[in-house]
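Reading through the structure tokens given below for one structure.
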Amino acid sequence: MDPLPLVDFVATGSRLPVTAVAFLTETIMVSANGGMLRIHNLAENKCIEEKAVFEHTRIYGILPLKGSEEDHRVLVFGAKSWTIVSILIDFGTDTMSIQSSTQIFAVVDWIKAAHWVRISPTSTRWQVALALAHNQVLVCDAETGLVVREAECEERSILYAAAFAGDTIDDLLVAAGTVFNQVL
């Protein structure tokens, strides 16, 4: 595979800072500017589609769920809100579109990290794990947004960063970086 050349995107719309990026494929990238989600075609060096996801919240995380080549479910979060959008790619007509979810879910604290998880390795139903700023983890149903599990660390310090690993609830790991220079 040849490396892609560095590209400069022509600004479209607002001049807000880019707060999150993710790749859907080797040539399709998604970025966030404020509450806007944008699809970029790297091969053509252009922004193809943009859509407002959050009205008053900046997007800080974009997590694609690897699925079919044409329909990508993407977890989007920022501040205390999260939602799932679908990005549809039609290779026949070379078009792409963002299908926004009608539901934006709210949690009680700032989301520092998010992760797709399944109940078991054979399950086809996905859940969303969220690490919150005060050292709490919520696992929510991806379709309804309902909290199905939650856990708190004994250490209640504020988190500066968090990360997840694991594909299922049973093997989910959380690393949390605190204001006191600790990783829990």
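Chain labels follow the order of the structure tokens: the first chain is A, the next B, and so on; residue numbering restarts at 1 in every chain, and ligands are counted from 1 in their shown order.
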
Give me the region 3-108 of chain A side of the contact with region 145-154 of chain A, cut-off 10 Å, one line per residue showing its nearest atom pair and distance in Å at one decimal, counting only C-alpha atoms, sorted by chain and residue number, as a Markdown table.
| residue | atom | partner | partner_atom | distance |
| --- | --- | --- | --- | --- |
| A:Trp82 | CA | A:Gly145 | CA | 8.8 |
| A:Thr83 | CA | A:Gly145 | CA | 8.4 |
| A:Ile84 | CA | A:Gly145 | CA | 9.8 |
| A:Gln103 | CA | A:Gly145 | CA | 8.5 |
| A:Ile104 | CA | A:Gly145 | CA | 8.5 |
| A:Phe105 | CA | A:Gly145 | CA | 6.0 |
| A:Ala106 | CA | A:Gly145 | CA | 8.5 |
| A:Val107 | CA | A:Val147 | CA | 9.4 |

Task: Nearest to Phe77 (chain A) by atom-to-atom distance, counting only C-alpha atoms, from A:Asn45, A:Thr95, A:Thr27, A:Thr57 - done: A:Thr57

Task: For Gly67 (chain A): contacts at 12 Å, only C-alpha atoms, fewer than 2 positions along chain excluded, given as a ChimeraX atom specification - done: /A:24-25,64-65,69-74,86-88,124,126

Go ahead and save the residues from that selection, with all heavy atoms, as a compact mmCIF listing (two decimals), in the first residue's frame.
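Result written to result.txt:
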# COMPACT_ATOMS: atom_id res chain seq x y z
N LEU A 24 -12.72 6.15 8.39
CA LEU A 24 -13.68 5.10 8.07
C LEU A 24 -13.02 4.06 7.18
O LEU A 24 -13.27 2.86 7.32
CB LEU A 24 -14.90 5.68 7.36
CG LEU A 24 -15.85 6.54 8.18
CD1 LEU A 24 -17.03 6.94 7.34
CD2 LEU A 24 -16.30 5.82 9.43
N THR A 25 -12.24 4.53 6.23
CA THR A 25 -11.47 3.67 5.34
C THR A 25 -10.11 4.34 5.16
O THR A 25 -9.86 5.40 5.75
CB THR A 25 -12.15 3.51 3.97
OG1 THR A 25 -12.08 4.76 3.27
CG2 THR A 25 -13.60 3.07 4.10
N PRO A 64 -15.78 5.04 14.93
CA PRO A 64 -16.49 4.19 13.98
C PRO A 64 -16.57 2.75 14.49
O PRO A 64 -15.62 2.24 15.09
CB PRO A 64 -15.64 4.25 12.71
CG PRO A 64 -14.72 5.41 12.89
CD PRO A 64 -14.53 5.57 14.37
N LEU A 65 -17.69 2.11 14.25
CA LEU A 65 -17.86 0.69 14.52
C LEU A 65 -17.62 0.00 13.19
O LEU A 65 -18.33 0.25 12.22
CB LEU A 65 -19.26 0.39 15.03
CG LEU A 65 -19.62 -1.08 15.24
CD1 LEU A 65 -18.74 -1.69 16.32
CD2 LEU A 65 -21.09 -1.22 15.62
N GLU A 69 -19.01 -2.26 4.35
CA GLU A 69 -18.30 -1.23 3.60
C GLU A 69 -19.19 -0.02 3.30
O GLU A 69 -18.70 1.08 3.10
CB GLU A 69 -17.77 -1.81 2.29
CG GLU A 69 -16.64 -2.79 2.48
CD GLU A 69 -15.38 -2.11 2.98
OE1 GLU A 69 -15.01 -1.06 2.44
OE2 GLU A 69 -14.77 -2.63 3.93
N GLU A 70 -20.52 -0.22 3.26
CA GLU A 70 -21.42 0.85 2.83
C GLU A 70 -22.05 1.62 3.99
O GLU A 70 -22.40 2.77 3.84
CB GLU A 70 -22.54 0.28 1.96
CG GLU A 70 -22.09 -0.26 0.61
CD GLU A 70 -21.55 -1.68 0.71
OE1 GLU A 70 -21.98 -2.42 1.61
OE2 GLU A 70 -20.69 -2.04 -0.11
N ASP A 71 -22.24 0.96 5.13
CA ASP A 71 -22.94 1.59 6.25
C ASP A 71 -22.06 1.54 7.49
O ASP A 71 -21.80 0.48 8.03
CB ASP A 71 -24.27 0.86 6.51
CG ASP A 71 -25.08 1.50 7.64
OD1 ASP A 71 -24.71 2.59 8.11
OD2 ASP A 71 -26.09 0.90 8.03
N HIS A 72 -21.61 2.70 7.92
CA HIS A 72 -20.74 2.79 9.08
C HIS A 72 -21.49 3.44 10.24
O HIS A 72 -21.94 4.59 10.11
CB HIS A 72 -19.50 3.64 8.75
CG HIS A 72 -18.62 3.01 7.72
ND1 HIS A 72 -17.59 2.18 8.05
CD2 HIS A 72 -18.62 3.10 6.38
CE1 HIS A 72 -16.98 1.78 6.96
NE2 HIS A 72 -17.60 2.33 5.92
N ARG A 73 -21.64 2.72 11.33
CA ARG A 73 -22.19 3.31 12.55
C ARG A 73 -21.05 4.00 13.28
O ARG A 73 -19.97 3.42 13.46
CB ARG A 73 -22.83 2.25 13.44
CG ARG A 73 -24.08 1.67 12.82
CD ARG A 73 -24.66 0.56 13.66
NE ARG A 73 -25.18 1.11 14.90
CZ ARG A 73 -25.46 0.37 15.97
NH1 ARG A 73 -25.27 -0.91 15.97
NH2 ARG A 73 -25.95 0.93 17.05
N VAL A 74 -21.29 5.22 13.70
CA VAL A 74 -20.24 6.02 14.32
C VAL A 74 -20.76 6.59 15.63
O VAL A 74 -21.80 7.25 15.66
CB VAL A 74 -19.79 7.17 13.37
CG1 VAL A 74 -18.72 8.01 14.02
CG2 VAL A 74 -19.31 6.60 12.04
N SER A 86 -25.11 7.24 11.36
CA SER A 86 -24.73 6.32 10.29
C SER A 86 -24.14 7.13 9.15
O SER A 86 -24.68 8.17 8.78
CB SER A 86 -25.95 5.55 9.77
OG SER A 86 -26.36 4.60 10.71
N ILE A 87 -23.04 6.65 8.64
CA ILE A 87 -22.45 7.27 7.46
C ILE A 87 -22.59 6.25 6.34
O ILE A 87 -22.05 5.14 6.41
CB ILE A 87 -20.99 7.67 7.70
CG1 ILE A 87 -20.95 8.74 8.81
CG2 ILE A 87 -20.35 8.15 6.41
CD1 ILE A 87 -19.58 9.23 9.17
N LEU A 88 -23.36 6.63 5.34
CA LEU A 88 -23.66 5.74 4.22
C LEU A 88 -22.76 6.08 3.04
O LEU A 88 -22.65 7.25 2.65
CB LEU A 88 -25.12 5.87 3.82
CG LEU A 88 -26.14 5.67 4.95
CD1 LEU A 88 -27.54 5.96 4.47
CD2 LEU A 88 -26.03 4.27 5.51
N THR A 124 -24.52 -9.89 18.83
CA THR A 124 -24.55 -8.92 17.73
C THR A 124 -25.05 -7.55 18.22
O THR A 124 -25.08 -6.60 17.46
CB THR A 124 -25.46 -9.40 16.59
OG1 THR A 124 -26.78 -9.62 17.11
CG2 THR A 124 -24.93 -10.68 15.97
N TRP A 126 -24.67 -4.20 20.32
CA TRP A 126 -23.56 -3.38 20.81
C TRP A 126 -24.00 -2.49 21.96
O TRP A 126 -25.14 -2.06 22.03
CB TRP A 126 -23.00 -2.53 19.68
CG TRP A 126 -22.24 -3.36 18.70
CD1 TRP A 126 -22.73 -3.92 17.56
CD2 TRP A 126 -20.88 -3.74 18.78
NE1 TRP A 126 -21.75 -4.63 16.92
CE2 TRP A 126 -20.60 -4.53 17.65
CE3 TRP A 126 -19.86 -3.49 19.70
CZ2 TRP A 126 -19.34 -5.08 17.41
CZ3 TRP A 126 -18.61 -4.03 19.45
CH2 TRP A 126 -18.36 -4.81 18.32

TODO: List every residue of region 33-139 of chain A that DSSP, applied to the backbone, labels as strand (DSSP E or B), and write the result as an NGL selection string.
DONE: :A and (33 or 36-41 or 46-52 or 61-65 or 71-78 or 81-90 or 95-99 or 105-106 or 111-118 or 126-132 or 136-139)

- [ ] Pick out the closest residue to Met96 (chain A) from this set: A:Glu49, A:Thr178, A:Phe164, A:Thr19. Count only C-alpha atoms.
- [x]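 Selected residue with least distance to Met96 (chain A): A:Glu49.
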
Task: For CA of Ala52 (chain A) and CA of Arg118 (chain A), the interatomic separation in Å (one decimal) - done: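 Atom-to-atom, CA of Ala52 (chain A) and CA of Arg118 (chain A) are spaced 28.2 Å apart.
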
- [ ] Counting only C-alpha atoms, figure out which residue out of A:Ala162, A:Ala142, A:Ile89, A:Leu75 gets nearest to Ile48 (chain A).
- [x]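 Among the listed residues, the smallest separation from Ile48 (chain A) belongs to A:Ile89.
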
- [ ] Could you check how far CA of Ser81 (chain A) sits from CA of Ser31 (chain A), in Å to one decimal?
- [x]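 Between these atoms lies a distance of 17.2 Å.
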
- [ ] Return the single residue from A:Ile158, A:Leu37, A:Ile111, A:Ala163 that is closest to Ala22 (chain A), with distances computed using only C-alpha atoms.
- [x]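 Closest to Ala22 (chain A) of all the choices is A:Leu37.
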
Task: Å distance separating CA of Cys140 (chain A) from CA of Val128 (chain A), one decimal place - done: 5.1 Å

- [ ] Identify, on the basis of only C-alpha atoms, every residue whose closest approach to Asp171 (chain A) does not exceed 12 Å; exclude the query and any residue fewer than 4 positions from it along the same chain; express the result as an MDAnalysis selection string.
- [x] chainID A and resid 117:121 164:167

- [ ] Identify which of the residues A:Ala133, A:Val174, A:Ala161, A:Leu184 lies closest to Lys80 (chain A), counting only C-alpha atoms when measuring atom-to-atom distances.
- [x]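 That would be A:Ala133, the residue with the smallest distance to Lys80 (chain A).
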